[in-house]
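Here is the file input_17.pdb (PDB, C-alpha atoms, pLDDT in the B column).
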MODEL        1
ATOM      1  CA  MET A  14    -113.313 276.442-115.650  1.00 39.00           C
ATOM      2  CA  GLU A  15    -113.284 277.003-111.903  1.00 46.00           C
ATOM      3  CA  THR A  16    -109.997 276.624-110.025  1.00 44.00           C
ATOM      4  CA  ASP A  17    -109.739 274.629-106.836  1.00 49.00           C
ATOM      5  CA  PRO A  18    -107.438 276.715-104.587  1.00 46.00           C
ATOM      6  CA  THR A  19    -106.502 273.638-102.573  1.00 45.00           C
ATOM      7  CA  THR A  20    -104.987 271.802-105.537  1.00 42.00           C
ATOM      8  CA  ASP A  21    -104.026 274.347-108.195  1.00 45.00           C
ATOM      9  CA  PRO A  22    -100.232 274.962-107.991  1.00 39.00           C
ATOM     10  CA  ARG A  23    -100.583 278.553-109.151  1.00 40.00           C
ATOM     11  CA  MET A  24    -102.759 279.302-106.143  1.00 42.00           C
ATOM     12  CA  VAL A  25    -100.273 277.567-103.848  1.00 41.00           C
ATOM     13  CA  VAL A  26     -97.460 279.768-105.190  1.00 42.00           C
ATOM     14  CA  GLN A  27     -99.596 282.887-104.814  1.00 46.00           C
ATOM     15  CA  ASP A  28    -100.645 282.025-101.272  1.00 48.00           C
ATOM     16  CA  THR A  29     -97.055 281.254-100.282  1.00 46.00           C
ATOM     17  CA  SER A  30     -95.787 284.492-101.806  1.00 49.00           C
ATOM     18  CA  GLU A  31     -98.399 286.556 -99.957  1.00 52.00           C
ATOM     19  CA  TRP A  32     -97.662 284.811 -96.656  1.00 46.00           C
ATOM     20  CA  CYS A  33     -93.926 285.306 -97.028  1.00 48.00           C
ATOM     21  CA  GLN A  34     -94.291 288.976 -97.925  1.00 52.00           C
ATOM     22  CA  ALA A  35     -96.461 289.627 -94.877  1.00 54.00           C
ATOM     23  CA  ASN A  36     -93.991 287.954 -92.545  1.00 58.00           C
ATOM     24  CA  ALA A  37     -90.675 288.825 -94.191  1.00 62.00           C
ATOM     25  CA  ASP A  38     -89.992 291.871 -92.043  1.00 62.00           C
ATOM     26  CA  ARG A  39     -90.468 290.115 -88.704  1.00 78.00           C
ATOM     27  CA  VAL A  40     -88.910 286.662 -89.257  1.00 87.00           C
ATOM     28  CA  GLU A  41     -85.299 286.240 -88.171  1.00 93.00           C
ATOM     29  CA  TYR A  42     -83.048 283.227 -87.759  1.00 96.00           C
ATOM     30  CA  VAL A  43     -79.729 283.190 -85.949  1.00 96.00           C
ATOM     31  CA  GLY A  44     -77.005 280.550 -86.030  1.00 96.00           C
ATOM     32  CA  MET A  45     -74.106 279.980 -83.658  1.00 95.00           C
ATOM     33  CA  ARG A  46     -71.816 277.238 -82.392  1.00 94.00           C
ATOM     34  CA  VAL A  47     -72.249 276.132 -78.792  1.00 93.00           C
ATOM     35  CA  ASP A  48     -69.285 274.048 -77.643  1.00 92.00           C
ATOM     36  CA  GLY A  49     -68.640 273.332 -81.317  1.00 90.00           C
ATOM     37  CA  THR A  50     -72.217 272.211 -82.042  1.00 94.00           C
ATOM     38  CA  PRO A  51     -74.188 274.181 -84.669  1.00 96.00           C
ATOM     39  CA  VAL A  52     -77.346 275.708 -83.159  1.00 96.00           C
ATOM     40  CA  VAL A  53     -80.014 277.559 -85.158  1.00 97.00           C
ATOM     41  CA  LEU A  54     -82.817 279.561 -83.521  1.00 96.00           C
ATOM     42  CA  ASN A  55     -86.035 281.010 -84.894  1.00 95.00           C
ATOM     43  CA  LEU A  56     -86.034 284.259 -82.951  1.00 93.00           C
ATOM     44  CA  THR A  57     -89.561 285.110 -84.003  1.00 90.00           C
ATOM     45  CA  ASP A  58     -91.065 281.969 -82.488  1.00 88.00           C
ATOM     46  CA  HIS A  59     -88.431 281.687 -79.736  1.00 91.00           C
ATOM     47  CA  GLU A  60     -87.728 278.105 -80.813  1.00 94.00           C
ATOM     48  CA  ARG A  61     -84.699 276.061 -81.754  1.00 96.00           C
ATOM     49  CA  LEU A  62     -84.789 274.864 -85.366  1.00 96.00           C
ATOM     50  CA  THR A  63     -84.229 271.105 -85.582  1.00 96.00           C
ATOM     51  CA  PRO A  64     -83.734 268.812 -88.596  1.00 95.00           C
ATOM     52  CA  ASP A  65     -86.702 266.598 -87.646  1.00 95.00           C
ATOM     53  CA  ARG A  66     -89.343 267.953 -90.007  1.00 95.00           C
ATOM     54  CA  SER A  67     -86.955 268.459 -92.927  1.00 94.00           C
ATOM     55  CA  LEU A  68     -85.743 264.855 -92.642  1.00 93.00           C
ATOM     56  CA  ASP A  69     -89.159 263.737 -93.850  1.00 92.00           C
ATOM     57  CA  LEU A  70     -88.316 265.403 -97.180  1.00 88.00           C
ATOM     58  CA  VAL A  71     -84.586 264.761 -97.589  1.00 88.00           C
ATOM     59  CA  ARG A  72     -82.012 262.951 -95.471  1.00 88.00           C
ATOM     60  CA  HIS A  73     -78.713 264.659 -96.217  1.00 89.00           C
ATOM     61  CA  SER A  74     -77.587 264.981 -92.607  1.00 91.00           C
ATOM     62  CA  PRO A  75     -79.621 263.256 -89.864  1.00 91.00           C
ATOM     63  CA  ALA A  76     -76.898 264.258 -87.399  1.00 91.00           C
ATOM     64  CA  GLY A  77     -77.675 267.965 -87.728  1.00 93.00           C
ATOM     65  CA  PHE A  78     -77.030 271.268 -89.473  1.00 96.00           C
ATOM     66  CA  ASP A  79     -73.986 273.127 -90.664  1.00 96.00           C
ATOM     67  CA  TRP A  80     -73.191 276.159 -92.822  1.00 96.00           C
ATOM     68  CA  GLY A  81     -70.385 277.986 -94.577  1.00 94.00           C
ATOM     69  CA  TYR A  82     -69.822 275.456 -97.391  1.00 92.00           C
ATOM     70  CA  THR A  83     -71.824 273.285 -99.812  1.00 86.00           C
ATOM     71  CA  GLY A  84     -72.240 269.908 -98.136  1.00 86.00           C
ATOM     72  CA  SER A  85     -74.751 267.612 -96.475  1.00 89.00           C
ATOM     73  CA  GLY A  86     -75.135 269.615 -93.232  1.00 93.00           C
ATOM     74  CA  PRO A  87     -75.777 272.879 -95.103  1.00 92.00           C
ATOM     75  CA  ALA A  88     -78.219 271.069 -97.429  1.00 90.00           C
ATOM     76  CA  GLN A  89     -80.241 269.906 -94.425  1.00 94.00           C
ATOM     77  CA  LEU A  90     -80.191 273.411 -92.969  1.00 97.00           C
ATOM     78  CA  ALA A  91     -81.309 274.932 -96.286  1.00 95.00           C
ATOM     79  CA  CYS A  92     -84.216 272.484 -96.427  1.00 94.00           C
ATOM     80  CA  ALA A  93     -85.183 273.155 -92.796  1.00 97.00           C
ATOM     81  CA  LEU A  94     -85.003 276.950 -93.140  1.00 97.00           C
ATOM     82  CA  LEU A  95     -87.145 277.047 -96.268  1.00 96.00           C
ATOM     83  CA  LEU A  96     -89.632 274.573 -94.806  1.00 95.00           C
ATOM     84  CA  ASP A  97     -89.924 276.551 -91.571  1.00 95.00           C
ATOM     85  CA  TYR A  98     -90.279 279.837 -93.421  1.00 95.00           C
ATOM     86  CA  THR A  99     -92.599 278.901 -96.322  1.00 93.00           C
ATOM     87  CA  ASP A 100     -94.363 275.801 -94.941  1.00 93.00           C
ATOM     88  CA  ASN A 101     -94.530 274.680 -98.587  1.00 90.00           C
ATOM     89  CA  GLU A 102     -92.872 271.355 -99.404  1.00 89.00           C
ATOM     90  CA  THR A 103     -93.032 271.913-103.177  1.00 84.00           C
ATOM     91  CA  VAL A 104     -91.146 275.204-102.935  1.00 86.00           C
ATOM     92  CA  VAL A 105     -88.609 273.602-100.597  1.00 89.00           C
ATOM     93  CA  GLN A 106     -87.895 270.592-102.817  1.00 84.00           C
ATOM     94  CA  GLN A 107     -87.372 272.791-105.851  1.00 81.00           C
ATOM     95  CA  HIS A 108     -85.147 275.420-104.272  1.00 87.00           C
ATOM     96  CA  TYR A 109     -83.289 274.058-101.248  1.00 89.00           C
ATOM     97  CA  ILE A 110     -80.150 272.981-103.149  1.00 85.00           C
ATOM     98  CA  GLN A 111     -79.812 276.369-104.815  1.00 85.00           C
ATOM     99  CA  PHE A 112     -80.555 278.035-101.469  1.00 91.00           C
ATOM    100  CA  ARG A 113     -77.762 275.984 -99.916  1.00 91.00           C
ATOM    101  CA  ASN A 114     -75.333 276.870-102.703  1.00 87.00           C
ATOM    102  CA  GLU A 115     -76.065 280.603-102.797  1.00 88.00           C
ATOM    103  CA  VAL A 116     -77.143 281.472 -99.234  1.00 94.00           C
ATOM    104  CA  VAL A 117     -76.314 278.858 -96.572  1.00 95.00           C
ATOM    105  CA  SER A 118     -72.811 278.293 -97.943  1.00 92.00           C
ATOM    106  CA  GLN A 119     -72.095 281.996 -97.370  1.00 93.00           C
ATOM    107  CA  LEU A 120     -73.230 282.131 -93.728  1.00 95.00           C
ATOM    108  CA  ALA A 121     -70.464 282.788 -91.206  1.00 93.00           C
ATOM    109  CA  CYS A 122     -70.347 283.308 -87.450  1.00 90.00           C
ATOM    110  CA  ASP A 123     -68.790 286.723 -87.061  1.00 83.00           C
ATOM    111  CA  GLY A 124     -69.291 290.063 -85.353  1.00 78.00           C
ATOM    112  CA  PRO A 125     -69.308 290.675 -81.583  1.00 81.00           C
ATOM    113  CA  ALA A 126     -71.958 287.965 -81.020  1.00 80.00           C
ATOM    114  CA  ASP A 127     -70.046 285.410 -83.116  1.00 88.00           C
ATOM    115  CA  CYS A 128     -73.205 284.354 -84.988  1.00 93.00           C
ATOM    116  CA  TRP A 129     -75.005 284.832 -88.277  1.00 96.00           C
ATOM    117  CA  HIS A 130     -78.439 286.380 -88.888  1.00 94.00           C
ATOM    118  CA  LEU A 131     -80.855 285.573 -91.708  1.00 95.00           C
ATOM    119  CA  THR A 132     -84.109 287.499 -92.047  1.00 93.00           C
ATOM    120  CA  GLY A 133     -87.328 286.667 -93.801  1.00 92.00           C
ATOM    121  CA  SER A 134     -86.531 289.422 -96.262  1.00 91.00           C
ATOM    122  CA  ASP A 135     -83.226 287.698 -97.076  1.00 93.00           C
ATOM    123  CA  ILE A 136     -85.037 284.432 -97.776  1.00 93.00           C
ATOM    124  CA  GLU A 137     -87.745 286.185 -99.771  1.00 91.00           C
ATOM    125  CA  ALA A 138     -85.156 287.901-101.969  1.00 90.00           C
ATOM    126  CA  ALA A 139     -83.364 284.606-102.648  1.00 89.00           C
ATOM    127  CA  LEU A 140     -86.597 282.803-103.587  1.00 87.00           C
ATOM    128  CA  ALA A 141     -87.614 285.633-105.906  1.00 83.00           C
ATOM    129  CA  GLU A 142     -84.286 285.394-107.693  1.00 79.00           C
ATOM    130  CA  PHE A 143     -84.519 281.614-108.011  1.00 75.00           C
ATOM    131  CA  GLU A 144     -88.039 281.693-109.437  1.00 68.00           C
ATOM    132  CA  ALA A 145     -87.103 284.426-111.911  1.00 57.00           C
ATOM    133  CA  HIS A 146     -84.588 282.043-113.487  1.00 51.00           C
ATOM    134  CA  HIS A 147     -86.454 278.769-112.971  1.00 48.00           C
ATOM    135  CA  ALA A 148     -89.060 278.767-115.741  1.00 47.00           C
ATOM    136  CA  LEU A 149     -88.409 276.247-118.503  1.00 45.00           C
ATOM    137  CA  THR A 150     -89.613 276.891-122.030  1.00 46.00           C
ATOM    138  CA  PRO A 151     -89.333 274.631-125.093  1.00 45.00           C
ATOM    139  CA  ASP A 152     -86.560 275.846-127.374  1.00 50.00           C
ATOM    140  CA  GLY A 153     -85.735 272.883-129.581  1.00 53.00           C
ATOM    141  CA  GLY A 154     -82.381 271.754-128.266  1.00 61.00           C
ATOM    142  CA  GLY A 155     -80.197 269.123-129.880  1.00 66.00           C
ATOM    143  CA  SER A 156     -80.635 265.391-130.137  1.00 68.00           C
ATOM    144  CA  SER A 157     -78.509 263.009-128.081  1.00 71.00           C
ATOM    145  CA  PRO A 158     -77.492 259.484-129.153  1.00 73.00           C
ATOM    146  CA  SER A 159     -77.856 258.305-125.541  1.00 76.00           C
ATOM    147  CA  LEU A 160     -81.504 259.422-125.242  1.00 82.00           C
ATOM    148  CA  PRO A 161     -84.746 258.357-126.958  1.00 87.00           C
ATOM    149  CA  ALA A 162     -85.736 260.243-130.092  1.00 85.00           C
ATOM    150  CA  ASN A 163     -88.386 262.250-128.253  1.00 85.00           C
ATOM    151  CA  TRP A 164     -85.766 263.907-126.016  1.00 87.00           C
ATOM    152  CA  SER A 165     -83.224 266.631-126.691  1.00 84.00           C
ATOM    153  CA  VAL A 166     -80.477 268.429-124.772  1.00 82.00           C
ATOM    154  CA  VAL A 167     -80.876 272.142-124.040  1.00 73.00           C
ATOM    155  CA  SER A 168     -77.893 274.308-123.159  1.00 60.00           C
ATOM    156  CA  ARG A 169     -78.295 276.616-120.163  1.00 60.00           C
ATOM    157  CA  ALA A 170     -75.771 278.898-118.526  1.00 55.00           C
ATOM    158  CA  ASP A 171     -76.282 277.467-115.048  1.00 58.00           C
ATOM    159  CA  ARG A 172     -77.531 273.900-115.619  1.00 66.00           C
ATOM    160  CA  THR A 173     -78.159 271.191-118.196  1.00 75.00           C
ATOM    161  CA  VAL A 174     -81.752 270.508-119.191  1.00 82.00           C
ATOM    162  CA  PHE A 175     -82.993 267.445-121.047  1.00 84.00           C
ATOM    163  CA  GLN A 176     -86.239 268.386-122.750  1.00 84.00           C
ATOM    164  CA  ARG A 177     -88.963 266.052-123.928  1.00 84.00           C
ATOM    165  CA  ARG A 178     -90.214 267.013-127.399  1.00 81.00           C
ATOM    166  CA  ASP A 179     -93.773 265.646-127.260  1.00 81.00           C
ATOM    167  CA  ILE A 180     -94.880 266.878-123.801  1.00 82.00           C
ATOM    168  CA  ASP A 181     -93.556 269.382-121.269  1.00 82.00           C
ATOM    169  CA  HIS A 182     -91.376 267.044-119.214  1.00 85.00           C
ATOM    170  CA  TYR A 183     -87.820 268.006-118.341  1.00 83.00           C
ATOM    171  CA  VAL A 184     -84.874 266.435-116.578  1.00 86.00           C
ATOM    172  CA  VAL A 185     -82.800 269.156-114.888  1.00 81.00           C
ATOM    173  CA  LEU A 186     -79.218 268.354-113.952  1.00 77.00           C
ATOM    174  CA  GLY A 187     -77.643 270.570-111.296  1.00 68.00           C
ATOM    175  CA  ASP A 188     -74.329 270.083-109.531  1.00 56.00           C
ATOM    176  CA  GLY A 189     -72.913 271.131-106.189  1.00 54.00           C
ATOM    177  CA  SER A 190     -69.538 270.501-104.639  1.00 53.00           C
ATOM    178  CA  GLU A 191     -70.500 267.078-103.247  1.00 68.00           C
ATOM    179  CA  GLU A 192     -73.459 265.743-105.218  1.00 75.00           C
ATOM    180  CA  TRP A 193     -75.521 265.815-108.382  1.00 79.00           C
ATOM    181  CA  LEU A 194     -79.227 266.627-108.101  1.00 80.00           C
ATOM    182  CA  ILE A 195     -81.202 265.264-111.076  1.00 85.00           C
ATOM    183  CA  ILE A 196     -84.896 266.178-111.160  1.00 85.00           C
ATOM    184  CA  LEU A 197     -87.698 264.999-113.453  1.00 87.00           C
ATOM    185  CA  CYS A 198     -90.316 267.751-113.599  1.00 85.00           C
ATOM    186  CA  ALA A 199     -93.313 268.967-115.598  1.00 83.00           C
ATOM    187  CA  GLN A 200     -93.989 272.603-116.478  1.00 72.00           C
ATOM    188  CA  GLY A 201     -97.553 272.808-117.826  1.00 64.00           C
ATOM    189  CA  ASP A 202     -99.224 276.106-116.943  1.00 56.00           C
ATOM    190  CA  ARG A 203     -97.505 276.293-113.566  1.00 56.00           C
ATOM    191  CA  ALA A 204     -95.422 279.240-112.429  1.00 51.00           C
ATOM    192  CA  TYR A 205     -92.474 276.853-112.069  1.00 58.00           C
ATOM    193  CA  PRO A 206     -91.963 273.135-112.790  1.00 68.00           C
ATOM    194  CA  ALA A 207     -93.523 270.545-110.509  1.00 77.00           C
ATOM    195  CA  PRO A 208     -91.117 267.758-109.449  1.00 84.00           C
ATOM    196  CA  LEU A 209     -92.129 264.220-110.408  1.00 87.00           C
ATOM    197  CA  ASP A 210     -89.056 262.318-109.205  1.00 87.00           C
ATOM    198  CA  HIS A 211     -85.376 262.922-108.493  1.00 86.00           C
ATOM    199  CA  ARG A 212     -82.002 261.276-107.976  1.00 86.00           C
ATOM    200  CA  THR A 213     -78.939 262.372-106.002  1.00 84.00           C
ATOM    201  CA  LEU A 214     -75.435 261.087-106.692  1.00 83.00           C
ATOM    202  CA  PRO A 215     -71.931 261.834-105.384  1.00 83.00           C
ATOM    203  CA  VAL A 216     -70.381 264.439-107.644  1.00 76.00           C
ATOM    204  CA  GLU A 217     -67.609 262.034-108.689  1.00 76.00           C
ATOM    205  CA  ASN A 218     -70.201 259.691-110.258  1.00 81.00           C
ATOM    206  CA  ASP A 219     -71.274 259.962-113.892  1.00 82.00           C
ATOM    207  CA  PRO A 220     -74.906 261.179-113.827  1.00 84.00           C
ATOM    208  CA  ALA A 221     -75.746 259.804-117.287  1.00 85.00           C
ATOM    209  CA  SER A 222     -77.404 256.614-116.005  1.00 87.00           C
ATOM    210  CA  ALA A 223     -79.583 258.553-113.545  1.00 88.00           C
ATOM    211  CA  VAL A 224     -80.659 260.916-116.334  1.00 88.00           C
ATOM    212  CA  GLN A 225     -81.570 257.926-118.499  1.00 90.00           C
ATOM    213  CA  GLU A 226     -83.579 256.380-115.637  1.00 91.00           C
ATOM    214  CA  LEU A 227     -85.690 259.532-115.269  1.00 91.00           C
ATOM    215  CA  VAL A 228     -86.118 259.845-119.044  1.00 91.00           C
ATOM    216  CA  THR A 229     -87.381 256.252-119.129  1.00 92.00           C
ATOM    217  CA  GLU A 230     -89.686 256.975-116.195  1.00 93.00           C
ATOM    218  CA  SER A 231     -91.187 259.928-118.065  1.00 91.00           C
ATOM    219  CA  ASN A 232     -91.746 257.817-121.169  1.00 91.00           C
ATOM    220  CA  ASP A 233     -93.378 255.157-118.998  1.00 92.00           C
ATOM    221  CA  LEU A 234     -95.657 257.724-117.345  1.00 89.00           C
ATOM    222  CA  VAL A 235     -96.818 259.124-120.682  1.00 88.00           C
ATOM    223  CA  GLU A 236     -96.102 256.899-123.661  1.00 88.00           C
ATOM    224  CA  PRO A 237     -94.355 258.729-126.521  1.00 85.00           C
ATOM    225  CA  GLU A 238     -96.305 259.490-129.664  1.00 73.00           C
ATOM    226  CA  GLY A 239     -95.893 256.940-132.426  1.00 63.00           C
ATOM    227  CA  ASP A 240     -93.932 259.200-134.772  1.00 49.00           C
ATOM    228  CA  THR A 241     -91.138 260.054-132.284  1.00 44.00           C
TER
ENDMDL
END

Let me see the structure of the file written as structure tokens.
Amino acid sequence: METDPTTDPRMVVQDTSEWCQANADRVEYVGMRVDGTPVVLNLTDHERLTPDRSLDLVRHSPAGFDWGYTGSGPAQLACALLLDYTDNETVVQQHYIQFRNEVVSQLACDGPADCWHLTGSDIEAALAEFEAHHALTPDGGGSSPSLPANWSVVSRADRTVFQRRDIDHYVVLGDGSEEWLIILCAQGDRAYPAPLDHRTLPVENDPASAVQELVTESNDLVEPEGDT
């Protein structure tokens, strides 16, 4: 069967990876505070990075960026950086929270210039690490009295995964310092899961109801088999 490179997600991942590798050595971002206001520049394009484009994907912080902790401003910056660098909304939606937690939260204005630097190679290395640990594979799991019979709970070291038994749908529950990110996704033959829907909640809220909503949505999208 022929593959359409404009729609097949494996081709999108391959194209993005090749583009990033070719540009990793020359792309550089710098962040600083000007009169207390966070400013981020794309030194390669000689442009100021703004939240505008990233706000079409997520609206964590319409007021602007920040860094050095895991919060709404850093989440918006993580989304904007990945979107500017990869130009791939699917990659951004799947990885920006982890990028915030592991990269943006560690940025600090220091040194003689009192700023931080982030290169394309830094971003490329982070994405490679995320994707290496992102694949989901069926492994049975345990049943849960709060979920339908065709779902089970899978234990992971870094996240909780709710796995559908009859098709390859998953609900991935990840937490940060300020919010839960709950994603319904499908694996199929993709290099990494494709997001179908998501919920965000303040971290003090119980995420169980949001998980149940996405489980129900999955069962509505593809009706469970009669024997589940």

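Closest approach to Thr50 in chain A from the set A:Gly77, A:Gly133, A:Pro220, A:Pro87 is made by A:Gly77, with distances taken over all atoms listed in the file.
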
Residue nearest Asp65 in chain A - candidates A:Asp97, A:Leu186, A:Asp48, A:Tyr42, atoms counted: only C-alpha atoms: A:Asp97

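Atom pair CA of Ile180 in chain A / CA of Gln225 in chain A: separated by 16.9 Å.
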
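The gap separating CA of Val71 in chain A from CA of Leu209 in chain A is 14.9 Å, in Å to one decimal.
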
Output of the PyMOL selection byres ((chain A and resi 195) around 9), listed as a PyMOL selection string: chain A and resi 184-188+193-194+196-197+210-214+220+223-224+227

Picked residues, the PyMOL selection byres ((chain A and resi 106-108) around 12), expected as a ChimeraX atom specification: /A:67-71,88-89,91-96,99-105,109-116,136-137,139-148,185,187,194-198,205-211

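Note that CA of Val235 in chain A and CA of Ala199 in chain A are 11.6 Å apart.
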